[in-house]
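Enquirer: Structure file query25.tsv (TSV, C-alpha atoms and all ligand atoms) is given on the next line.
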chain	number	residue	atom	x	y	z
A	24	MET	CA	108.96	134.20	0.89
A	25	THR	CA	110.30	137.68	-0.02
A	26	THR	CA	109.96	140.74	2.14
A	27	GLU	CA	107.39	142.16	-0.29
A	28	GLN	CA	105.06	139.22	0.33
A	29	LEU	CA	104.97	139.74	4.07
A	30	ASP	CA	101.92	141.36	5.55
A	31	ALA	CA	103.65	144.33	7.19
A	32	SER	CA	100.83	144.99	9.62
A	33	ARG	CA	101.00	141.41	10.91
A	34	VAL	CA	104.79	141.65	11.28
A	35	GLU	CA	104.37	144.86	13.23
A	36	ALA	CA	101.63	143.40	15.40
A	37	PHE	CA	103.80	140.36	16.17
A	38	GLY	CA	106.74	142.62	17.04
A	39	GLY	CA	104.48	144.43	19.46
A	40	ARG	CA	103.42	141.15	20.98
A	41	LEU	CA	107.07	140.13	21.46
A	42	LEU	CA	107.86	143.41	23.17
A	43	GLU	CA	104.88	142.85	25.44
A	44	ILE	CA	106.16	139.37	26.31
A	45	LEU	CA	109.64	140.66	27.14
A	46	ASN	CA	108.26	143.53	29.21
A	47	HIS	CA	105.95	141.22	31.12
A	48	ALA	CA	108.77	138.74	31.74
A	49	GLY	CA	110.72	141.59	33.33
A	50	LEU	CA	107.72	142.52	35.46
A	51	ALA	CA	107.42	138.92	36.67
A	52	PHE	CA	110.82	139.37	38.35
A	53	GLN	CA	109.63	142.63	39.92
A	54	LEU	CA	106.59	140.77	41.29
A	55	SER	CA	108.97	138.25	42.80
A	56	VAL	CA	111.08	140.97	44.41
A	57	GLY	CA	107.97	142.69	45.75
A	58	HIS	CA	106.73	139.43	47.25
A	59	ARG	CA	110.03	138.23	48.72
A	60	THR	CA	111.08	141.58	50.22
A	61	GLY	CA	107.61	142.19	51.67
A	62	LEU	CA	107.38	145.45	49.70
A	63	PHE	CA	103.83	144.69	48.54
A	64	ASP	CA	102.72	143.95	52.10
A	65	THR	CA	104.34	147.17	53.29
A	66	MET	CA	102.85	149.30	50.52
A	67	ALA	CA	99.37	147.91	51.11
A	68	GLY	CA	99.39	149.69	54.47
A	69	LEU	CA	100.75	153.02	53.21
A	70	GLN	CA	99.11	156.16	51.87
A	71	PRO	CA	100.76	157.56	48.70
A	72	SER	CA	104.42	157.70	49.76
A	73	THR	CA	107.81	158.76	48.46
A	74	SER	CA	110.47	156.18	47.71
A	75	GLU	CA	112.23	157.21	50.94
A	76	GLN	CA	109.06	156.57	52.94
A	77	VAL	CA	108.43	153.21	51.25
A	78	ALA	CA	112.05	152.14	51.76
A	79	GLN	CA	112.00	153.18	55.39
A	80	ALA	CA	108.72	151.41	56.11
A	81	ALA	CA	110.06	148.25	54.46
A	82	GLY	CA	113.54	148.53	56.00
A	83	LEU	CA	115.17	148.36	52.55
A	84	ASP	CA	117.71	150.31	50.50
A	85	GLU	CA	116.07	153.41	48.97
A	86	ARG	CA	117.96	153.33	45.67
A	87	TYR	CA	116.77	149.80	44.90
A	88	VAL	CA	113.25	150.53	46.10
A	89	ARG	CA	113.08	153.62	43.85
A	90	GLU	CA	114.15	151.64	40.79
A	91	TRP	CA	111.62	148.91	41.63
A	92	LEU	CA	108.90	151.53	42.02
A	93	GLY	CA	109.87	152.85	38.59
A	94	ALA	CA	109.41	149.39	37.06
A	95	LEU	CA	106.09	148.94	38.82
A	96	THR	CA	104.86	152.36	37.73
A	97	VAL	CA	105.54	151.74	34.04
A	98	GLY	CA	104.14	148.25	34.55
A	99	GLU	CA	100.88	149.78	35.85
A	100	ILE	CA	101.09	147.96	39.16
A	101	VAL	CA	101.58	151.08	41.32
A	102	TYR	CA	100.38	154.61	40.61
A	103	TYR	CA	102.86	157.52	40.58
A	104	GLU	CA	102.06	161.15	41.37
A	105	PRO	CA	104.87	163.21	39.71
A	106	ALA	CA	104.18	166.49	41.53
A	107	ALA	CA	104.55	164.90	44.98
A	108	GLN	CA	106.83	162.07	43.74
A	109	THR	CA	104.66	159.58	45.59
A	110	TYR	CA	103.77	155.99	44.79
A	111	HIS	CA	100.62	154.12	45.73
A	112	LEU	CA	99.55	150.48	45.56
A	113	PRO	CA	95.76	150.60	45.11
A	114	ALA	CA	93.67	148.32	47.29
A	115	GLU	CA	92.40	146.46	44.19
A	116	HIS	CA	95.99	145.53	43.30
A	117	ALA	CA	96.96	144.77	46.91
A	118	ALA	CA	94.13	142.22	46.87
A	119	MET	CA	96.18	140.13	44.40
A	120	VAL	CA	99.82	140.67	45.50
A	121	THR	CA	99.94	140.60	49.31
A	122	ARG	CA	100.29	137.75	51.76
A	123	ALA	CA	97.00	138.86	53.30
A	124	ALA	CA	95.35	137.83	50.02
A	125	GLY	CA	96.15	134.17	50.77
A	126	PRO	CA	95.65	131.98	47.68
A	127	ASP	CA	94.73	135.06	45.60
A	128	ASN	CA	98.31	136.35	45.96
A	129	LEU	CA	99.57	135.77	42.43
A	130	ALA	CA	102.89	137.47	43.27
A	131	GLY	CA	103.61	134.31	45.28
A	132	LEU	CA	103.97	132.41	41.98
A	133	ALA	CA	106.57	134.84	40.63
A	134	PRO	CA	109.62	133.45	42.54
A	135	TYR	CA	109.29	130.27	40.47
A	136	MET	CA	110.52	132.30	37.48
A	137	ALA	CA	113.94	132.93	39.02
A	138	LEU	CA	114.07	129.39	40.42
A	139	VAL	CA	113.58	127.74	37.05
A	140	GLY	CA	115.66	130.36	35.22
A	141	GLN	CA	118.70	129.21	37.18
A	142	VAL	CA	118.71	125.89	35.31
A	143	GLU	CA	118.45	127.26	31.78
A	144	ASP	CA	121.94	126.05	30.79
A	145	GLN	CA	121.06	122.52	31.91
A	146	VAL	CA	117.70	122.63	30.13
A	147	ILE	CA	119.40	123.74	26.89
A	148	GLU	CA	121.81	120.83	27.27
A	149	ALA	CA	118.82	118.48	27.69
A	150	PHE	CA	117.28	119.84	24.49
A	151	GLU	CA	120.54	118.91	22.74
A	152	LYS	CA	121.29	115.57	24.40
A	153	GLY	CA	118.05	114.40	26.04
A	154	GLY	CA	117.84	113.52	29.73
A	155	GLY	CA	116.88	116.19	32.23
A	156	VAL	CA	117.71	118.38	35.20
A	157	PRO	CA	117.81	116.56	38.57
A	158	TYR	CA	115.94	117.62	41.72
A	159	SER	CA	119.31	118.51	43.29
A	160	SER	CA	119.61	121.47	40.91
A	161	TYR	CA	116.67	123.18	42.64
A	162	PRO	CA	117.86	123.65	46.24
A	163	LYS	CA	115.14	126.19	47.02
A	164	PHE	CA	112.22	124.29	45.47
A	165	GLN	CA	110.84	122.67	48.63
A	166	GLU	CA	110.82	125.96	50.54
A	167	LEU	CA	109.07	127.78	47.72
A	168	GLN	CA	106.54	125.04	47.04
A	169	ARG	CA	105.74	124.83	50.74
A	170	ALA	CA	105.05	128.54	51.05
A	171	GLU	CA	102.96	128.61	47.88
A	172	THR	CA	100.79	125.58	48.61
A	173	ALA	CA	100.42	126.31	52.34
A	174	ALA	CA	98.40	129.43	51.50
A	175	ILE	CA	96.09	127.31	49.33
A	176	PHE	CA	95.74	124.49	51.89
A	177	ASP	CA	95.03	126.99	54.69
A	178	ALA	CA	92.31	128.71	52.71
A	179	THR	CA	90.62	125.81	50.95
A	180	LEU	CA	91.55	122.29	52.06
A	181	VAL	CA	89.19	121.68	54.96
A	182	ASP	CA	86.34	123.98	54.03
A	183	ARG	CA	86.18	123.70	50.25
A	184	THR	CA	88.33	120.92	48.85
A	185	LEU	CA	87.68	117.85	51.04
A	186	PRO	CA	83.89	118.46	50.97
A	187	LEU	CA	84.05	117.78	47.22
A	188	VAL	CA	84.01	114.08	48.19
A	189	PRO	CA	80.51	113.16	49.38
A	190	GLY	CA	80.54	111.90	52.99
A	191	LEU	CA	84.30	112.28	53.42
A	192	VAL	CA	84.27	114.99	56.10
A	193	GLU	CA	81.94	112.87	58.25
A	194	LYS	CA	84.29	109.86	57.92
A	195	LEU	CA	87.29	112.03	58.82
A	196	GLU	CA	85.43	113.26	61.88
A	197	THR	CA	84.65	109.70	62.95
A	198	GLY	CA	88.22	108.46	62.43
A	199	ILE	CA	89.92	106.94	59.38
A	200	ASP	CA	93.46	106.21	58.11
A	201	VAL	CA	94.79	108.77	55.66
A	202	ALA	CA	98.02	108.92	53.62
A	203	ASP	CA	99.39	111.79	51.53
A	204	PHE	CA	101.79	110.57	48.82
A	205	GLY	CA	104.48	113.11	47.84
A	206	THR	CA	103.66	115.24	50.85
A	207	GLY	CA	106.58	117.69	50.44
A	208	GLY	CA	106.52	120.01	53.46
A	209	GLY	CA	103.56	118.05	54.86
A	210	HIS	CA	101.29	121.02	55.41
A	211	ALA	CA	98.24	119.27	53.94
A	212	ILE	CA	98.67	116.41	56.42
A	213	ASN	CA	99.16	118.76	59.36
A	214	VAL	CA	96.16	120.89	58.45
A	215	MET	CA	93.96	117.78	58.13
A	216	ALA	CA	95.35	116.20	61.31
A	217	LYS	CA	94.56	119.35	63.26
A	218	ALA	CA	91.03	119.58	61.84
A	219	PHE	CA	90.23	115.87	62.33
A	220	PRO	CA	91.79	114.66	65.61
A	221	ASN	CA	90.02	111.26	65.47
A	222	SER	CA	91.73	110.31	62.18
A	223	ARG	CA	95.30	109.09	61.70
A	224	PHE	CA	97.55	110.68	59.10
A	225	VAL	CA	100.86	109.78	57.42
A	226	GLY	CA	102.80	111.69	54.77
A	227	PHE	CA	105.36	110.04	52.44
A	228	ASP	CA	108.13	111.78	50.50
A	229	ILE	CA	111.77	111.33	49.49
A	230	SER	CA	112.77	114.90	50.35
A	231	ASP	CA	114.52	115.06	53.72
A	232	GLU	CA	114.10	118.83	53.72
A	233	GLY	CA	110.34	118.51	53.19
A	234	LEU	CA	110.01	115.79	55.83
A	235	ASP	CA	112.06	117.74	58.40
A	236	PHE	CA	109.81	120.73	57.96
A	237	ALA	CA	106.68	118.57	58.12
A	238	ARG	CA	107.77	116.89	61.36
A	239	GLY	CA	108.78	120.23	62.90
A	240	GLU	CA	105.38	121.74	62.12
A	241	ALA	CA	103.55	118.69	63.51
A	242	ARG	CA	105.61	118.97	66.72
A	243	GLU	CA	104.99	122.71	66.96
A	244	TRP	CA	101.24	122.15	66.59
A	245	GLY	CA	101.28	119.34	69.14
A	246	LEU	CA	99.80	116.83	66.67
A	247	GLU	CA	99.82	113.24	67.88
A	248	ASN	CA	97.89	111.88	64.89
A	249	ALA	CA	100.34	112.96	62.14
A	250	ARG	CA	103.59	111.27	61.16
A	251	PHE	CA	105.94	111.36	58.20
A	252	GLU	CA	108.01	108.64	56.53
A	253	ALA	CA	110.82	108.76	53.98
A	254	ARG	CA	109.46	106.44	51.30
A	255	ASP	CA	109.71	106.15	47.52
A	256	ILE	CA	106.04	106.36	46.59
A	257	ALA	CA	106.67	104.21	43.52
A	258	ALA	CA	107.45	101.27	45.85
A	259	PHE	CA	104.01	100.56	47.35
A	260	VAL	CA	102.88	98.15	44.65
A	261	GLY	CA	101.65	94.88	46.18
A	262	GLU	CA	101.49	96.17	49.77
A	263	GLU	CA	98.43	95.38	51.86
A	264	PRO	CA	95.38	97.68	51.80
A	265	ARG	CA	95.46	99.89	54.90
A	266	PHE	CA	94.30	103.40	54.03
A	267	ASP	CA	90.72	104.69	53.79
A	268	LEU	CA	91.83	107.86	52.02
A	269	ILE	CA	94.92	108.60	49.95
A	270	THR	CA	95.67	112.08	48.66
A	271	THR	CA	98.17	113.49	46.18
A	272	PHE	CA	98.49	117.24	45.72
A	273	ASP	CA	100.33	118.36	42.58
A	274	VAL	CA	102.45	115.21	42.48
A	275	ILE	CA	101.51	112.70	39.76
A	276	HIS	CA	102.56	114.71	36.70
A	277	ASP	CA	106.02	115.31	38.25
A	278	LEU	CA	106.85	111.68	38.83
A	279	ALA	CA	109.37	109.45	37.14
A	280	ARG	CA	107.10	106.43	37.55
A	281	PRO	CA	103.51	107.72	37.77
A	282	ALA	CA	101.89	104.43	36.69
A	283	GLU	CA	103.64	102.49	39.49
A	284	VAL	CA	102.64	105.15	42.01
A	285	LEU	CA	98.98	104.94	40.94
A	286	ASP	CA	99.15	101.12	41.12
A	287	GLY	CA	100.59	101.35	44.65
A	288	ILE	CA	97.89	103.82	45.70
A	289	HIS	CA	95.25	101.41	44.36
A	290	ASP	CA	96.84	98.45	46.16
A	291	THR	CA	97.13	100.20	49.55
A	292	LEU	CA	93.60	101.62	49.55
A	293	LYS	CA	91.07	99.56	51.48
A	294	PRO	CA	88.08	98.32	49.46
A	295	GLY	CA	85.59	101.20	49.32
A	296	GLY	CA	88.40	103.69	49.98
A	297	THR	CA	88.89	106.98	48.15
A	298	TYR	CA	91.86	108.32	46.23
A	299	PHE	CA	91.69	112.12	46.04
A	300	CYS	CA	94.09	113.45	43.42
A	301	ALA	CA	94.70	117.17	42.84
A	302	ASP	CA	96.59	117.88	39.65
A	303	MET	CA	96.91	120.56	37.00
A	304	ALA	CA	93.65	121.59	35.38
A	305	ALA	CA	94.33	121.32	31.67
A	306	SER	CA	93.39	119.35	28.60
A	307	SER	CA	95.60	116.63	27.16
A	308	ASN	CA	94.85	118.21	23.76
A	309	LEU	CA	97.03	121.23	23.03
A	310	GLU	CA	94.31	122.87	20.96
A	311	ASP	CA	91.99	122.92	23.99
A	312	ASN	CA	94.52	124.85	26.08
A	313	LEU	CA	94.59	128.00	23.96
A	314	GLU	CA	92.23	129.82	26.34
A	315	HIS	CA	93.75	128.34	29.53
A	316	PRO	CA	94.57	131.30	31.80
A	317	LEU	CA	98.00	129.94	32.81
A	318	ALA	CA	98.98	127.74	29.88
A	319	PRO	CA	102.19	129.51	28.76
A	320	LEU	CA	103.46	129.57	32.34
A	321	LEU	CA	102.57	125.93	32.98
A	322	TYR	CA	104.25	124.71	29.77
A	323	THR	CA	107.29	126.72	30.91
A	324	PHE	CA	107.28	125.12	34.36
A	325	SER	CA	106.97	121.78	32.63
A	326	ILE	CA	110.14	122.20	30.56
A	327	PHE	CA	112.05	123.87	33.37
A	328	TYR	CA	110.94	121.63	36.26
A	329	CYS	CA	108.18	119.03	36.12
A	330	MET	CA	108.98	117.24	32.86
A	331	THR	CA	112.74	117.65	33.07
A	332	THR	CA	113.05	116.31	36.65
A	333	SER	CA	111.10	113.23	35.60
A	334	LEU	CA	113.21	112.73	32.46
A	335	ALA	CA	116.38	113.20	34.54
A	336	GLN	CA	115.43	109.92	36.29
A	337	GLY	CA	114.74	108.17	32.99
A	338	GLY	CA	111.07	108.68	33.83
A	339	ALA	CA	107.79	109.11	31.99
A	340	GLY	CA	108.09	112.90	31.58
A	341	LEU	CA	104.33	113.38	31.59
A	342	GLY	CA	104.72	117.15	31.82
A	343	THR	CA	102.70	119.70	33.75
A	344	MET	CA	100.04	119.84	31.03
A	345	TRP	CA	99.40	116.08	30.82
A	346	GLY	CA	95.74	116.95	31.15
A	347	GLU	CA	92.48	115.44	32.27
A	348	GLN	CA	92.06	112.90	29.46
A	349	LYS	CA	95.47	111.32	30.12
A	350	ALA	CA	94.90	111.44	33.89
A	351	ILE	CA	91.54	109.66	33.60
A	352	GLN	CA	93.06	107.03	31.32
A	353	MET	CA	95.93	106.35	33.75
A	354	LEU	CA	93.59	106.25	36.77
A	355	GLY	CA	91.46	103.71	34.91
A	356	ASP	CA	94.57	101.67	34.01
A	357	ALA	CA	95.44	101.56	37.73
A	358	GLY	CA	92.02	100.04	38.43
A	359	PHE	CA	90.02	103.01	39.70
A	360	LYS	CA	86.34	103.05	38.88
A	361	ASP	CA	83.93	105.97	38.41
A	362	VAL	CA	86.51	108.76	38.37
A	363	ALA	CA	84.77	112.10	38.93
A	364	VAL	CA	86.52	115.37	38.10
A	365	GLU	CA	85.67	118.43	40.18
A	366	ARG	CA	86.84	122.04	40.23
A	367	VAL	CA	86.89	124.55	43.09
A	368	GLU	CA	85.68	128.00	42.18
A	369	ALA	CA	88.51	130.53	41.86
A	370	ASP	CA	91.12	127.74	41.76
A	371	ILE	CA	92.49	128.05	38.23
A	372	ILE	CA	95.34	125.63	38.88
A	373	ASN	CA	93.81	122.31	39.92
A	374	SER	CA	91.40	119.65	38.85
A	375	TYR	CA	90.31	117.28	41.63
A	376	TYR	CA	89.92	113.62	40.69
A	377	ILE	CA	87.75	111.60	43.06
A	378	CYS	CA	88.52	107.93	42.54
A	379	HIS	CA	87.04	104.83	44.16
A	380	LYS	CA	88.49	101.40	44.53
B	1	LIG	C1	105.35	119.39	43.40
B	1	LIG	S1	105.80	118.70	44.92
B	1	LIG	C2	104.26	118.70	45.81
B	1	LIG	C3	104.45	118.67	47.30
B	1	LIG	C4	103.18	118.75	48.14
B	1	LIG	N1	102.22	117.71	47.82
B	1	LIG	C5	102.55	120.12	48.01
B	1	LIG	O1	101.50	120.24	47.37
B	1	LIG	O2	103.12	121.07	48.57
B	1	LIG	C6	106.04	117.00	44.52
B	1	LIG	C7	106.60	116.19	45.66
B	1	LIG	O3	106.72	114.83	45.25
B	1	LIG	C8	107.90	114.31	45.83
B	1	LIG	N2	108.34	113.13	45.09
B	1	LIG	C9	108.73	113.05	43.80
B	1	LIG	N3	109.06	111.79	43.47
B	1	LIG	C10	108.88	111.04	44.59
B	1	LIG	C11	109.05	109.67	44.90
B	1	LIG	N4	109.46	108.78	43.98
B	1	LIG	N5	108.78	109.25	46.16
B	1	LIG	C12	108.35	110.11	47.10
B	1	LIG	N6	108.15	111.43	46.86
B	1	LIG	C13	108.41	111.90	45.62
B	1	LIG	C14	108.88	115.48	45.77
B	1	LIG	O4	109.95	115.32	46.69
B	1	LIG	C15	107.96	116.66	46.12
B	1	LIG	O5	107.95	116.91	47.50
Could you express the structure from this file as structure tokens?
Ligand SMILES: C[S@@+](CC[C@H](N)C(=O)[O-])C[C@H]1O[C@@H](n2cnc3c(N)ncnc32)[C@H](O)[C@@H]1O

Expert:
Amino acid sequence: MTTEQLDASRVEAFGGRLLEILNHAGLAFQLSVGHRTGLFDTMAGLQPSTSEQVAQAAGLDERYVREWLGALTVGEIVYYEPAAQTYHLPAEHAAMVTRAAGPDNLAGLAPYMALVGQVEDQVIEAFEKGGGVPYSSYPKFQELQRAETAAIFDATLVDRTLPLVPGLVEKLETGIDVADFGTGGGHAINVMAKAFPNSRFVGFDISDEGLDFARGEAREWGLENARFEARDIAAFVGEEPRFDLITTFDVIHDLARPAEVLDGIHDTLKPGGTYFCADMAASSNLEDNLEHPLAPLLYTFSIFYCMTTSLAQGGAGLGTMWGEQKAIQMLGDAGFKDVAVERVEADIINSYYICHK
């Protein structure tokens, strides 16, 4: 195709789109800085303020804060008043970028950008040679994941998520045996154990860092009905049924051996038990994901974390966007009947699969 044949207006429009992408990628790092330094939390409590006042209130270096405020002003996140040289984070924006916003704090997702960016060289090598990037290349993953999902568990798990399963809350109140596979920092188990003292809870993971944190939190909260075990969750196949409820939160698509894990969950559930699986809300068909509000980010996390860590172990590499159709097929293959898929309002990340043995 010669230059003359190109539709110049489409070329120009695409160039504009690329500039927008690059600008927004830069702003994602500024969101991360604002979240990690506490600058958003500080600014939410301030009237329009100079960079000196913001820096002082946050206990940070003024020169860096001023440059950050410049980025956020041109990024339309804070408002700038040139005459007074003051900056302001409007309440409507604070409602989406502060810790007080709980699960609505989208700035809490931004640190994942820097985390996955650190492995770009290894990802490029995997594009060339196959294989993947191992968990050990993400030393800060557990800490970040814990902070991010804890806000969601605190706000939704007991009041909105578990009630999706008819009759489950009543059983938890009476007293049942519950296991969380791939528990990470164990916050889901601790939150449930605190809310339902008559039930018994165990969390399984291979991450010592996650398990240490989980046990520390359980101790701190004085929980006697929560414990944590270092176990490969792909190794439960054939074990005796002993749990009334098994949960996985954002785990299955990451795994090297997801089919074995689902088989083990099925085997260790008591007859009549429930498997409650939270995983990425998406379609298995690419064409259905065009309007998905987080699709570009989730495909990125897939290449830079979820899929590549699975492939690094010679695993299935399902990918973050494996989608509902594939999930339902695999749950059926593991022997689950009547799989229902539920969504929680305002949760754009997860689908909840309610599966019965
Ligand atoms: C994305 S994290 C989710 C953690 C936690 N459920 C949450 O929502 O915060 C996935 C977890 O699965 C764990 N995991 C991956 N493969 C595993 C395996 N074979 N056995 C046990 N845990 C595993 C990882 O260590 C990690 O903690």

Enquirer: Please identify the residues whose atoms come within 6 Å of ligand LIG 1 (chain B), using all atoms listed in the file, and report them as a list of chain:residue names.

Expert: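 With all atoms listed in the file and a cut-off of 6 Å, ligand LIG 1 (chain B) is contacted by A:Gln168, A:Arg169, A:Thr172, A:Gly205, A:Thr206, A:Gly207, A:Asp228, A:Ile229, A:Ser230, A:Arg254, A:Asp255, A:Ile256, A:Ala257, A:Phe272, A:Asp273, A:Val274, A:Leu278.
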
Enquirer: As a count of residues only, please: the residues near Gly154 of chain A (cut-off 6 Å, all atoms listed in the file, same-chain neighbours under 4 positions excluded).

Expert: 3

Enquirer: Grab the atom CA of Phe52 of chain A to atom CA of Asp84 of chain A distance for me, in Å with one decimal place.

Expert: 17.7 Å

Enquirer: Just to confirm, what's the straight-line distance from atom CA of Ala339 of chain A to atom CA of Asp203 of chain A in Å (one decimal)?

Expert: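 Atom CA of Ala339 of chain A sits 21.4 Å away from atom CA of Asp203 of chain A.
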
Enquirer: Tell me, in Å to one decimal, how far atom CA of Pro157 of chain A is from atom CA of Pro281 of chain A.

Expert: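 Computed distance, atom CA of Pro157 of chain A to atom CA of Pro281 of chain A, equals 16.8 Å.
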
Enquirer: Near segment 375-380 of chain A, within 10 Å and counting all atoms listed in the file, which residues show up once chain neighbours fewer than 5 positions away are dropped, as an MDAnalysis selection string?

Expert: chainID A and resid 184:185 187:189 268:272 288:290 292:304 347 350:351 354:355 357:367

Enquirer: Out of A:Glu232, A:Asp277, A:Asp286, A:Glu85, which residue has the shortest atom-to-atom distance to Cys329 of chain A when counting only C-alpha atoms?

Expert: A:Asp277

Enquirer: I need the residue nearest Ala249 of chain A from this list: A:Tyr135, A:Phe219, A:Tyr110, A:Tyr102. Use only C-alpha atoms for the distance.

Expert: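 Of all the options, A:Phe219 lies closest to Ala249 of chain A.
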
Enquirer: Could you check the closest approach to Arg280 of chain A for each of A:Ser306, A:Asn221, A:Ser333, A:Asn128 and tell me which residue wins, using only C-alpha atoms?

Expert: A:Ser333

Enquirer: Counting all atoms listed in the file, figure out which residue out of A:Leu320, A:Leu246, A:Leu195, A:Ala106 gets nearest to Ala133 of chain A.

Expert: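 So, comparing all the options, the nearest one is A:Leu320.
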
Enquirer: Would you mind putting N, CA, C and O atoms back on segment 302-318 of chain A and writing the result as an mmCIF file, in the frame of the given file?

Expert:
data_model
loop_
_atom_site.group_PDB
_atom_site.id
_atom_site.type_symbol
_atom_site.label_atom_id
_atom_site.label_comp_id
_atom_site.auth_asym_id
_atom_site.auth_seq_id
_atom_site.Cartn_x
_atom_site.Cartn_y
_atom_site.Cartn_z
ATOM 1 N N ASP A 302 95.521 117.695 40.652
ATOM 2 C CA ASP A 302 96.590 117.880 39.650
ATOM 3 C C ASP A 302 96.180 118.995 38.687
ATOM 4 O O ASP A 302 95.059 119.481 38.742
ATOM 5 N N MET A 303 97.108 119.377 37.841
ATOM 6 C CA MET A 303 96.910 120.560 37.000
ATOM 7 C C MET A 303 95.642 120.470 36.153
ATOM 8 O O MET A 303 95.431 119.480 35.440
ATOM 9 N N ALA A 304 94.848 121.516 36.217
ATOM 10 C CA ALA A 304 93.650 121.590 35.380
ATOM 11 C C ALA A 304 94.068 121.984 33.974
ATOM 12 O O ALA A 304 94.534 123.101 33.751
ATOM 13 N N ALA A 305 93.963 121.037 33.057
ATOM 14 C CA ALA A 305 94.330 121.320 31.670
ATOM 15 C C ALA A 305 93.750 120.204 30.815
ATOM 16 O O ALA A 305 93.277 119.182 31.335
ATOM 17 N N SER A 306 93.802 120.414 29.515
ATOM 18 C CA SER A 306 93.390 119.350 28.600
ATOM 19 C C SER A 306 94.633 118.640 28.094
ATOM 20 O O SER A 306 95.713 119.229 27.986
ATOM 21 N N SER A 307 94.487 117.362 27.775
ATOM 22 C CA SER A 307 95.600 116.630 27.160
ATOM 23 C C SER A 307 95.772 117.042 25.700
ATOM 24 O O SER A 307 96.774 116.688 25.070
ATOM 25 N N ASN A 308 94.784 117.766 25.160
ATOM 26 C CA ASN A 308 94.850 118.210 23.760
ATOM 27 C C ASN A 308 95.308 119.661 23.711
ATOM 28 O O ASN A 308 94.616 120.550 24.214
ATOM 29 N N LEU A 309 96.455 119.889 23.100
ATOM 30 C CA LEU A 309 97.030 121.230 23.030
ATOM 31 C C LEU A 309 96.018 122.262 22.566
ATOM 32 O O LEU A 309 95.912 123.355 23.133
ATOM 33 N N GLU A 310 95.234 121.892 21.541
ATOM 34 C CA GLU A 310 94.310 122.870 20.960
ATOM 35 C C GLU A 310 93.235 123.316 21.946
ATOM 36 O O GLU A 310 92.641 124.386 21.779
ATOM 37 N N ASP A 311 92.989 122.517 22.992
ATOM 38 C CA ASP A 311 91.990 122.920 23.990
ATOM 39 C C ASP A 311 92.567 123.859 25.037
ATOM 40 O O ASP A 311 91.833 124.368 25.891
ATOM 41 N N ASN A 312 93.881 124.042 25.033
ATOM 42 C CA ASN A 312 94.520 124.850 26.080
ATOM 43 C C ASN A 312 94.776 126.291 25.660
ATOM 44 O O ASN A 312 95.396 127.055 26.401
ATOM 45 N N LEU A 313 94.291 126.659 24.464
ATOM 46 C CA LEU A 313 94.590 128.000 23.960
ATOM 47 C C LEU A 313 94.008 129.095 24.856
ATOM 48 O O LEU A 313 94.577 130.177 24.968
ATOM 49 N N GLU A 314 92.874 128.813 25.479
ATOM 50 C CA GLU A 314 92.230 129.820 26.340
ATOM 51 C C GLU A 314 92.565 129.609 27.821
ATOM 52 O O GLU A 314 92.035 130.307 28.681
ATOM 53 N N HIS A 315 93.400 128.618 28.128
ATOM 54 C CA HIS A 315 93.750 128.340 29.530
ATOM 55 C C HIS A 315 94.473 129.558 30.119
ATOM 56 O O HIS A 315 95.426 130.062 29.522
ATOM 57 N N PRO A 316 94.021 130.041 31.296
ATOM 58 C CA PRO A 316 94.570 131.300 31.800
ATOM 59 C C PRO A 316 96.048 131.243 32.204
ATOM 60 O O PRO A 316 96.683 132.290 32.371
ATOM 61 N N LEU A 317 96.596 130.047 32.374
ATOM 62 C CA LEU A 317 98.000 129.940 32.810
ATOM 63 C C LEU A 317 98.829 129.067 31.879
ATOM 64 O O LEU A 317 99.945 128.680 32.241
ATOM 65 N N ALA A 318 98.315 128.747 30.709
ATOM 66 C CA ALA A 318 98.980 127.740 29.880
ATOM 67 C C ALA A 318 100.440 128.063 29.541
ATOM 68 O O ALA A 318 101.309 127.191 29.700
#
